[in-house]
>>> print(open('start_27.pdb').read())   # PDB, C-alpha atoms
MODEL        1
ATOM      1  CA  MET K   1       1.350 -26.484  10.856  1.00  0.00           C
ATOM      2  CA  SER K   2       0.668 -22.967   9.612  1.00  0.00           C
ATOM      3  CA  ASP K   3      -0.510 -22.254   6.090  1.00  0.00           C
ATOM      4  CA  LYS K   4       1.573 -19.059   6.109  1.00  0.00           C
ATOM      5  CA  ASN K   5       3.664 -18.323   3.030  1.00  0.00           C
ATOM      6  CA  GLU K   6       5.836 -15.240   2.646  1.00  0.00           C
ATOM      7  CA  MET K   7       7.923 -13.526  -0.007  1.00  0.00           C
ATOM      8  CA  VAL K   8       9.998 -10.369  -0.345  1.00  0.00           C
ATOM      9  CA  LEU K   9      10.959  -8.735  -3.622  1.00  0.00           C
ATOM     10  CA  GLU K  10      13.159  -5.686  -4.168  1.00  0.00           C
ATOM     11  CA  PHE K  11      13.356  -3.788  -7.437  1.00  0.00           C
ATOM     12  CA  ASP K  12      14.433  -0.443  -8.882  1.00  0.00           C
ATOM     13  CA  SER K  13      11.981   2.471  -8.818  1.00  0.00           C
ATOM     14  CA  LYS K  14      11.504   2.458 -12.583  1.00  0.00           C
ATOM     15  CA  SER K  15       8.074   2.707 -14.201  1.00  0.00           C
ATOM     16  CA  GLN K  16       8.641  -0.469 -16.233  1.00  0.00           C
ATOM     17  CA  ASN K  17       8.867  -2.425 -12.955  1.00  0.00           C
ATOM     18  CA  GLU K  18       5.266  -1.551 -12.039  1.00  0.00           C
ATOM     19  CA  SER K  19       3.938  -4.280 -14.381  1.00  0.00           C
ATOM     20  CA  PHE K  20       6.587  -6.677 -13.023  1.00  0.00           C
ATOM     21  CA  ALA K  21       5.337  -6.085  -9.449  1.00  0.00           C
ATOM     22  CA  ARG K  22       1.717  -6.666 -10.566  1.00  0.00           C
ATOM     23  CA  THR K  23       2.659  -9.949 -12.235  1.00  0.00           C
ATOM     24  CA  VAL K  24       4.678 -11.194  -9.261  1.00  0.00           C
ATOM     25  CA  VAL K  25       1.935 -10.442  -6.727  1.00  0.00           C
ATOM     26  CA  ALA K  26      -0.651 -12.102  -8.982  1.00  0.00           C
ATOM     27  CA  ALA K  27       1.466 -15.247  -9.282  1.00  0.00           C
ATOM     28  CA  PHE K  28       1.986 -15.317  -5.509  1.00  0.00           C
ATOM     29  CA  ALA K  29      -1.706 -14.679  -4.712  1.00  0.00           C
ATOM     30  CA  ALA K  30      -2.767 -17.433  -7.145  1.00  0.00           C
ATOM     31  CA  GLN K  31      -2.018 -19.975  -4.393  1.00  0.00           C
ATOM     32  CA  LEU K  32      -5.255 -18.828  -2.688  1.00  0.00           C
ATOM     33  CA  ASP K  33      -7.223 -19.600  -5.878  1.00  0.00           C
ATOM     34  CA  PRO K  34      -8.756 -16.113  -6.162  1.00  0.00           C
ATOM     35  CA  THR K  35     -11.365 -15.186  -8.743  1.00  0.00           C
ATOM     36  CA  ILE K  36     -10.260 -13.200 -11.782  1.00  0.00           C
ATOM     37  CA  GLU K  37     -11.918 -10.135 -10.211  1.00  0.00           C
ATOM     38  CA  GLU K  38     -10.104 -10.580  -6.875  1.00  0.00           C
ATOM     39  CA  LEU K  39      -6.805 -10.967  -8.725  1.00  0.00           C
ATOM     40  CA  ALA K  40      -7.497  -7.835 -10.786  1.00  0.00           C
ATOM     41  CA  ASP K  41      -8.286  -5.905  -7.570  1.00  0.00           C
ATOM     42  CA  ILE K  42      -4.993  -6.955  -5.965  1.00  0.00           C
ATOM     43  CA  LYS K  43      -3.001  -6.149  -9.113  1.00  0.00           C
ATOM     44  CA  THR K  44      -4.623  -2.704  -9.412  1.00  0.00           C
ATOM     45  CA  ALA K  45      -3.913  -1.846  -5.772  1.00  0.00           C
ATOM     46  CA  VAL K  46      -0.278  -2.977  -6.066  1.00  0.00           C
ATOM     47  CA  SER K  47       0.097  -1.008  -9.284  1.00  0.00           C
ATOM     48  CA  GLU K  48      -1.142   2.158  -7.551  1.00  0.00           C
ATOM     49  CA  ALA K  49       1.155   1.665  -4.543  1.00  0.00           C
ATOM     50  CA  VAL K  50       4.240   1.002  -6.683  1.00  0.00           C
ATOM     51  CA  THR K  51       3.442   3.928  -8.982  1.00  0.00           C
ATOM     52  CA  ASN K  52       3.101   6.206  -5.932  1.00  0.00           C
ATOM     53  CA  SER K  53       6.547   5.103  -4.723  1.00  0.00           C
ATOM     54  CA  ILE K  54       8.108   5.804  -8.113  1.00  0.00           C
ATOM     55  CA  ILE K  55       6.413   9.142  -8.832  1.00  0.00           C
ATOM     56  CA  HIS K  56       5.905  10.623  -5.374  1.00  0.00           C
ATOM     57  CA  GLY K  57       8.341   8.747  -3.133  1.00  0.00           C
ATOM     58  CA  TYR K  58      11.373   9.000  -5.368  1.00  0.00           C
ATOM     59  CA  CYS K  59      10.134  11.782  -7.693  1.00  0.00           C
ATOM     60  CA  ASP K  60      11.295   9.672 -10.659  1.00  0.00           C
ATOM     61  CA  LYS K  61      14.837   9.464  -9.219  1.00  0.00           C
ATOM     62  CA  PRO K  62      16.664   6.151  -8.616  1.00  0.00           C
ATOM     63  CA  GLY K  63      15.715   4.184  -5.527  1.00  0.00           C
ATOM     64  CA  LYS K  64      14.598   0.769  -4.361  1.00  0.00           C
ATOM     65  CA  ILE K  65      11.068  -0.467  -3.751  1.00  0.00           C
ATOM     66  CA  ARG K  66      10.482  -3.487  -1.571  1.00  0.00           C
ATOM     67  CA  MET K  67       7.348  -5.568  -1.783  1.00  0.00           C
ATOM     68  CA  HIS K  68       6.627  -7.912   1.124  1.00  0.00           C
ATOM     69  CA  CYS K  69       3.696 -10.329   0.800  1.00  0.00           C
ATOM     70  CA  ILE K  70       2.202 -12.818   3.230  1.00  0.00           C
ATOM     71  CA  LEU K  71      -0.499 -15.360   2.487  1.00  0.00           C
ATOM     72  CA  GLU K  72      -2.171 -16.663   5.617  1.00  0.00           C
ATOM     73  CA  ASN K  73      -5.618 -17.975   6.505  1.00  0.00           C
ATOM     74  CA  GLY K  74      -7.124 -17.046   3.143  1.00  0.00           C
ATOM     75  CA  GLU K  75      -5.814 -13.481   3.201  1.00  0.00           C
ATOM     76  CA  ILE K  76      -3.069 -11.710   1.296  1.00  0.00           C
ATOM     77  CA  MET K  77      -1.136  -8.898   2.941  1.00  0.00           C
ATOM     78  CA  VAL K  78       0.983  -6.725   0.660  1.00  0.00           C
ATOM     79  CA  GLU K  79       3.438  -4.112   1.896  1.00  0.00           C
ATOM     80  CA  VAL K  80       4.985  -1.711  -0.606  1.00  0.00           C
ATOM     81  CA  ILE K  81       7.947   0.045   0.991  1.00  0.00           C
ATOM     82  CA  ASP K  82      10.115   2.882  -0.293  1.00  0.00           C
ATOM     83  CA  GLU K  83      12.841   4.996   1.270  1.00  0.00           C
ATOM     84  CA  GLY K  84      11.812   8.115  -0.585  1.00  0.00           C
ATOM     85  CA  VAL K  85      10.799  11.599   0.515  1.00  0.00           C
ATOM     86  CA  GLY K  86       7.904  10.475   2.726  1.00  0.00           C
ATOM     87  CA  ILE K  87       4.469  12.019   3.084  1.00  0.00           C
ATOM     88  CA  GLU K  88       4.055  15.189   5.127  1.00  0.00           C
ATOM     89  CA  ASN K  89       0.304  14.837   5.688  1.00  0.00           C
ATOM     90  CA  ILE K  90      -1.015  11.291   5.186  1.00  0.00           C
ATOM     91  CA  ALA K  91      -4.667  12.257   5.734  1.00  0.00           C
ATOM     92  CA  LYS K  92      -4.400  14.975   3.043  1.00  0.00           C
ATOM     93  CA  ALA K  93      -2.539  12.618   0.676  1.00  0.00           C
ATOM     94  CA  MET K  94      -5.351  10.063   1.038  1.00  0.00           C
ATOM     95  CA  GLU K  95      -8.071  12.544   0.052  1.00  0.00           C
ATOM     96  CA  PRO K  96      -9.616  11.726  -3.341  1.00  0.00           C
ATOM     97  CA  LEU K  97      -8.267  13.924  -6.152  1.00  0.00           C
ATOM     98  CA  TYR K  98      -5.337  15.240  -4.071  1.00  0.00           C
ATOM     99  CA  THR K  99      -1.938  14.985  -5.738  1.00  0.00           C
ATOM    100  CA  SER K 100       1.425  16.357  -4.693  1.00  0.00           C
ATOM    101  CA  ARG K 101       2.483  16.466  -8.358  1.00  0.00           C
ATOM    102  CA  PRO K 102      -0.300  18.273 -10.263  1.00  0.00           C
ATOM    103  CA  GLU K 103       2.157  19.260 -12.987  1.00  0.00           C
ATOM    104  CA  LEU K 104       2.210  15.584 -14.031  1.00  0.00           C
ATOM    105  CA  GLU K 105      -1.585  15.553 -14.406  1.00  0.00           C
ATOM    106  CA  ARG K 106      -1.945  12.817 -11.799  1.00  0.00           C
ATOM    107  CA  SER K 107      -5.531  11.889 -10.926  1.00  0.00           C
ATOM    108  CA  GLY K 108      -4.989  11.864  -7.167  1.00  0.00           C
ATOM    109  CA  MET K 109      -6.990   8.645  -6.892  1.00  0.00           C
ATOM    110  CA  GLY K 110      -4.210   6.169  -6.001  1.00  0.00           C
ATOM    111  CA  PHE K 111      -5.060   5.741  -2.323  1.00  0.00           C
ATOM    112  CA  SER K 112      -8.789   5.785  -3.134  1.00  0.00           C
ATOM    113  CA  PHE K 113      -8.302   2.895  -5.571  1.00  0.00           C
ATOM    114  CA  MET K 114      -6.220   0.981  -3.020  1.00  0.00           C
ATOM    115  CA  GLU K 115      -8.986   1.442  -0.419  1.00  0.00           C
ATOM    116  CA  ALA K 116     -11.702   0.439  -2.896  1.00  0.00           C
ATOM    117  CA  PHE K 117      -9.989  -2.702  -4.165  1.00  0.00           C
ATOM    118  CA  MET K 118      -8.570  -4.036  -0.893  1.00  0.00           C
ATOM    119  CA  ASP K 119     -10.232  -4.823   2.447  1.00  0.00           C
ATOM    120  CA  SER K 120      -7.866  -2.634   4.439  1.00  0.00           C
ATOM    121  CA  LEU K 121      -5.256   0.028   3.787  1.00  0.00           C
ATOM    122  CA  GLU K 122      -2.732   1.486   6.210  1.00  0.00           C
ATOM    123  CA  VAL K 123      -0.134   4.103   5.328  1.00  0.00           C
ATOM    124  CA  LYS K 124       2.921   4.818   7.463  1.00  0.00           C
ATOM    125  CA  SER K 125       5.365   7.522   6.467  1.00  0.00           C
ATOM    126  CA  GLU K 126       8.162   9.655   7.797  1.00  0.00           C
ATOM    127  CA  LEU K 127       9.529  12.698   5.994  1.00  0.00           C
ATOM    128  CA  GLY K 128      12.921  11.994   4.490  1.00  0.00           C
ATOM    129  CA  LYS K 129      12.740   8.303   5.405  1.00  0.00           C
ATOM    130  CA  GLY K 130      10.029   6.848   3.180  1.00  0.00           C
ATOM    131  CA  THR K 131       6.597   5.326   3.110  1.00  0.00           C
ATOM    132  CA  THR K 132       5.082   1.919   3.781  1.00  0.00           C
ATOM    133  CA  VAL K 133       1.682   1.027   2.346  1.00  0.00           C
ATOM    134  CA  ILE K 134       0.063  -2.043   3.929  1.00  0.00           C
ATOM    135  CA  MET K 135      -2.905  -3.584   2.128  1.00  0.00           C
ATOM    136  CA  LYS K 136      -4.914  -6.685   2.967  1.00  0.00           C
ATOM    137  CA  LYS K 137      -7.537  -8.645   1.082  1.00  0.00           C
ATOM    138  CA  ARG K 138      -9.401 -11.787   2.118  1.00  0.00           C
ATOM    139  CA  ILE K 139     -10.104 -14.101  -0.776  1.00  0.00           C
ATOM    140  CA  GLY K 140     -13.837 -14.815  -1.163  1.00  0.00           C
ATOM    141  CA  LYS K 141     -13.833 -18.548  -0.706  1.00  0.00           C
ATOM    142  CA  TYR K 142     -12.199 -17.993   2.704  1.00  0.00           C
ATOM    143  CA  GLN K 143     -14.724 -15.328   3.849  1.00  0.00           C
ATOM    144  CA  SER K 144     -16.629 -17.625   6.238  1.00  0.00           C
ATOM    145  CA  ARG K 145     -13.549 -18.950   8.038  1.00  0.00           C
TER     146      ARG K 145
ENDMDL
END
>>> encode(input="start_27.pdb", output="structure tokens")
Amino acid sequence: MSDKNEMVLEFDSKSQNESFARTVVAAFAAQLDPTIEELADIKTAVSEAVTNSIIHGYCDKPGKIRMHCILENGEIMVEVIDEGVGIENIAKAMEPLYTSRPELERSGMGFSFMEAFMDSLEVKSELGKGTTVIMKKRIGKYQSR
């Protein structure tokens, strides 16, 4: 029997839903009994990914964001998926301090925070079709397994 558990959530690309996404992922991840710090890391990374979808993916226009999470073997995998404008140059977008919306005084640190707080980060994107951010984090008590 597998210890795999999965959930999918879809919500509107509205800034008030960023805190909702953080809360949902924290409640889901709690099954792995993470430390407060591990939970804060996951919530911060999800917050950055969702905010990127809202601000950059949909440019503050209506759209849907899908969050897909899997818990398996002491690890959480979180995908944040939008069908927004996409990213022309992923490598450039992932550079610290780079922002495609400087007029909004964005810090350009979203992907850097995701990389710092999670064990792995993968970004897939296609212009005009959207972006998928895939993040994984192994919970400490499962590190030796």
>>> residues_around(input="start_27.pdb", residues="stretch 118-132 of chain K", least_positions_apart="2", cutoff="7 Å", atoms="only C-alpha atoms", output="list in words")
Asp41, Ile42, Gly57, Glu79, Val80, Ile81, Asp82, Glu83, Gly84, Val85, Gly86, Ile87, Glu88, Met114, Glu115, Ala116, Ile134, Met135, Lys136 and Lys137 of chain K
>>> write_last_selection(input="start_27.pdb", atoms="C-alpha atoms", output="short mmCIF file (atom, residue, chain, number, x, y, z; two decimals), in the frame of the given file")
data_model
loop_
_atom_site.label_atom_id
_atom_site.label_comp_id
_atom_site.auth_asym_id
_atom_site.auth_seq_id
_atom_site.Cartn_x
_atom_site.Cartn_y
_atom_site.Cartn_z
CA ASP K 41 -8.29 -5.90 -7.57
CA ILE K 42 -4.99 -6.96 -5.96
CA GLY K 57 8.34 8.75 -3.13
CA GLU K 79 3.44 -4.11 1.90
CA VAL K 80 4.99 -1.71 -0.61
CA ILE K 81 7.95 0.04 0.99
CA ASP K 82 10.12 2.88 -0.29
CA GLU K 83 12.84 5.00 1.27
CA GLY K 84 11.81 8.12 -0.58
CA VAL K 85 10.80 11.60 0.52
CA GLY K 86 7.90 10.48 2.73
CA ILE K 87 4.47 12.02 3.08
CA GLU K 88 4.06 15.19 5.13
CA MET K 114 -6.22 0.98 -3.02
CA GLU K 115 -8.99 1.44 -0.42
CA ALA K 116 -11.70 0.44 -2.90
CA ILE K 134 0.06 -2.04 3.93
CA MET K 135 -2.90 -3.58 2.13
CA LYS K 136 -4.91 -6.68 2.97
CA LYS K 137 -7.54 -8.64 1.08
#
>>> closest_residue(input="start_27.pdb", among="K:Ile70, K:Thr35, K:Glu48, K:Tyr142", to="K:Ser112", atoms="only C-alpha atoms")
K:Glu48
>>> closest_residue(input="start_27.pdb", among="K:Gly74, K:Ile139, K:Phe111, K:Ser15", to="K:Lys61", atoms="all atoms listed in the file")
K:Ser15
>>> atom_distance(input="start_27.pdb", atom1="atom CA of K:Ile65", atom2="atom CA of K:Ala45")
15.2 Å
>>> axis_aligned_box(input="start_27.pdb", around="stretch 134-140 of chain K", padding_each_side="8 Å", output="AutoDock Vina command-line options")
--center_x -6.9 --center_y -8.4 --center_z 1.4 --size_x 29.9 --size_y 28.8 --size_z 21.1
>>> closest_residue(input="start_27.pdb", among="K:Met109, K:Ala93, K:Ala49, K:Ala27", to="K:Arg66", atoms="all atoms listed in the file")
K:Ala49
>>> closest_residue(input="start_27.pdb", among="K:Ser13, K:Glu75, K:Phe20, K:Lys4", to="K:His56", atoms="all atoms listed in the file")
K:Ser13
>>> atom_distance(input="start_27.pdb", atom1="atom CA of K:Ile54", atom2="atom CA of K:Lys14")
6.5 Å
>>> atom_distance(input="start_27.pdb", atom1="atom CA of K:Gly110", atom2="atom CA of K:Glu18")
13.6 Å
>>> residues_around(input="start_27.pdb", residues="K:Leu71", least_positions_apart="3", cutoff="8 Å", atoms="all atoms listed in the file", output="list of chain:residue names")
K:Asp3, K:Lys4, K:Asn5, K:Glu6, K:Ala29, K:Leu32, K:Gly74, K:Glu75, K:Ile76, K:Met77
>>> write_last_selection(input="start_27.pdb", atoms="C-alpha atoms", output="CSV table (one decimal), in the coordinates of the input")
chain,number,residue,atom,x,y,z
K,3,ASP,CA,-0.5,-22.3,6.1
K,4,LYS,CA,1.6,-19.1,6.1
K,5,ASN,CA,3.7,-18.3,3.0
K,6,GLU,CA,5.8,-15.2,2.6
K,29,ALA,CA,-1.7,-14.7,-4.7
K,32,LEU,CA,-5.3,-18.8,-2.7
K,74,GLY,CA,-7.1,-17.0,3.1
K,75,GLU,CA,-5.8,-13.5,3.2
K,76,ILE,CA,-3.1,-11.7,1.3
K,77,MET,CA,-1.1,-8.9,2.9
>>> closest_residue(input="start_27.pdb", among="K:Val46, K:Cys59, K:Ala91, K:Leu97", to="K:Val133", atoms="only C-alpha atoms")
K:Val46
>>> decode(input="start_27.pdb", residues="stretch 16-117 of chain K", atoms="C-alpha atoms", output="compact mmCIF listing (two decimals), in the first residue's frame")
# COMPACT_ATOMS: atom_id res chain seq x y z
CA GLN K 16 -6.81 37.60 -1.84
CA ASN K 17 -6.57 33.93 -2.86
CA GLU K 18 -2.79 33.88 -2.28
CA SER K 19 -3.30 33.52 1.50
CA PHE K 20 -5.99 30.88 0.84
CA ALA K 21 -3.50 28.82 -1.23
CA ARG K 22 -0.87 29.13 1.54
CA THR K 23 -3.34 27.92 4.16
CA VAL K 24 -4.55 24.99 2.06
CA VAL K 25 -1.04 23.75 1.27
CA ALA K 26 -0.06 24.08 4.94
CA ALA K 27 -3.07 22.04 6.04
CA PHE K 28 -2.30 19.39 3.42
CA ALA K 29 1.44 19.26 4.26
CA ALA K 30 0.65 18.94 7.99
CA GLN K 31 0.06 15.21 7.41
CA LEU K 32 3.87 14.82 7.14
CA ASP K 33 4.29 16.45 10.58
CA PRO K 34 6.71 19.15 9.37
CA THR K 35 8.46 21.57 11.69
CA ILE K 36 7.13 25.12 11.91
CA GLU K 37 10.13 26.23 9.82
CA GLU K 38 9.50 23.62 7.10
CA LEU K 39 5.84 24.66 6.97
CA ALA K 40 6.80 28.34 6.72
CA ASP K 41 9.21 27.50 3.86
CA ILE K 42 6.49 25.67 1.92
CA LYS K 43 3.95 28.45 2.51
CA THR K 44 6.43 31.12 1.38
CA ALA K 45 7.30 29.24 -1.81
CA VAL K 46 3.61 28.66 -2.65
CA SER K 47 2.87 32.31 -1.95
CA GLU K 48 5.59 33.39 -4.40
CA ALA K 49 4.40 30.98 -7.11
CA VAL K 50 0.74 32.01 -6.79
CA THR K 51 1.65 35.71 -6.71
CA ASN K 52 3.72 35.24 -9.89
CA SER K 53 0.72 33.65 -11.61
CA ILE K 54 -1.55 36.51 -10.60
CA ILE K 55 0.81 39.40 -11.37
CA HIS K 56 2.90 38.08 -14.24
CA GLY K 57 0.87 35.20 -15.69
CA TYR K 58 -2.46 36.96 -15.83
CA CYS K 59 -1.22 40.56 -15.45
CA ASP K 60 -3.93 41.10 -12.81
CA LYS K 61 -6.65 40.00 -15.27
CA PRO K 62 -9.16 37.21 -14.51
CA GLY K 63 -7.95 33.64 -14.85
CA LYS K 64 -7.71 30.36 -13.00
CA ILE K 65 -4.80 29.00 -10.98
CA ARG K 66 -4.56 25.31 -10.27
CA MET K 67 -2.55 23.91 -7.40
CA HIS K 68 -1.73 20.20 -7.50
CA CYS K 69 -0.05 18.65 -4.45
CA ILE K 70 1.25 15.15 -3.80
CA LEU K 71 2.54 13.80 -0.51
CA GLU K 72 4.63 10.68 -0.95
CA ASN K 73 7.53 9.08 0.90
CA GLY K 74 8.05 12.06 3.20
CA GLU K 75 8.10 14.61 0.38
CA ILE K 76 5.63 17.23 -0.76
CA MET K 77 5.40 18.15 -4.43
CA VAL K 78 3.49 21.32 -5.28
CA GLU K 79 2.60 22.38 -8.81
CA VAL K 80 1.20 25.86 -9.39
CA ILE K 81 -0.30 26.06 -12.87
CA ASP K 82 -1.69 29.02 -14.78
CA GLU K 83 -2.88 29.50 -18.35
CA GLY K 84 -1.55 33.02 -18.57
CA VAL K 85 0.86 34.76 -20.91
CA GLY K 86 3.78 32.39 -20.29
CA ILE K 87 7.45 33.22 -19.84
CA GLU K 88 9.54 34.09 -22.88
CA ASN K 89 12.92 33.41 -21.26
CA ILE K 90 12.74 31.18 -18.17
CA ALA K 91 16.47 31.46 -17.39
CA LYS K 92 16.24 35.28 -17.44
CA ALA K 93 13.03 35.24 -15.37
CA MET K 94 14.78 33.11 -12.73
CA GLU K 95 17.68 35.56 -12.32
CA PRO K 96 17.64 37.29 -8.93
CA LEU K 97 16.25 40.84 -9.09
CA TYR K 98 14.79 40.38 -12.60
CA THR K 99 11.15 41.39 -12.97
CA SER K 100 8.99 41.70 -16.06
CA ARG K 101 6.87 44.32 -14.27
CA PRO K 102 9.29 46.91 -12.83
CA GLU K 103 6.55 49.54 -12.84
CA LEU K 104 4.93 47.60 -9.97
CA GLU K 105 8.15 47.80 -7.92
CA ARG K 106 8.42 44.02 -7.77
CA SER K 107 11.57 42.70 -6.08
CA GLY K 108 12.33 40.09 -8.73
CA MET K 109 13.12 37.55 -6.01
CA GLY K 110 10.14 35.18 -6.39
CA PHE K 111 11.97 32.32 -8.09
CA SER K 112 15.01 32.87 -5.84
CA PHE K 113 12.81 32.47 -2.76
CA MET K 114 11.19 29.35 -4.21
CA GLU K 115 14.65 27.85 -4.86
CA ALA K 116 15.89 28.81 -1.38
CA PHE K 117 12.91 27.44 0.53
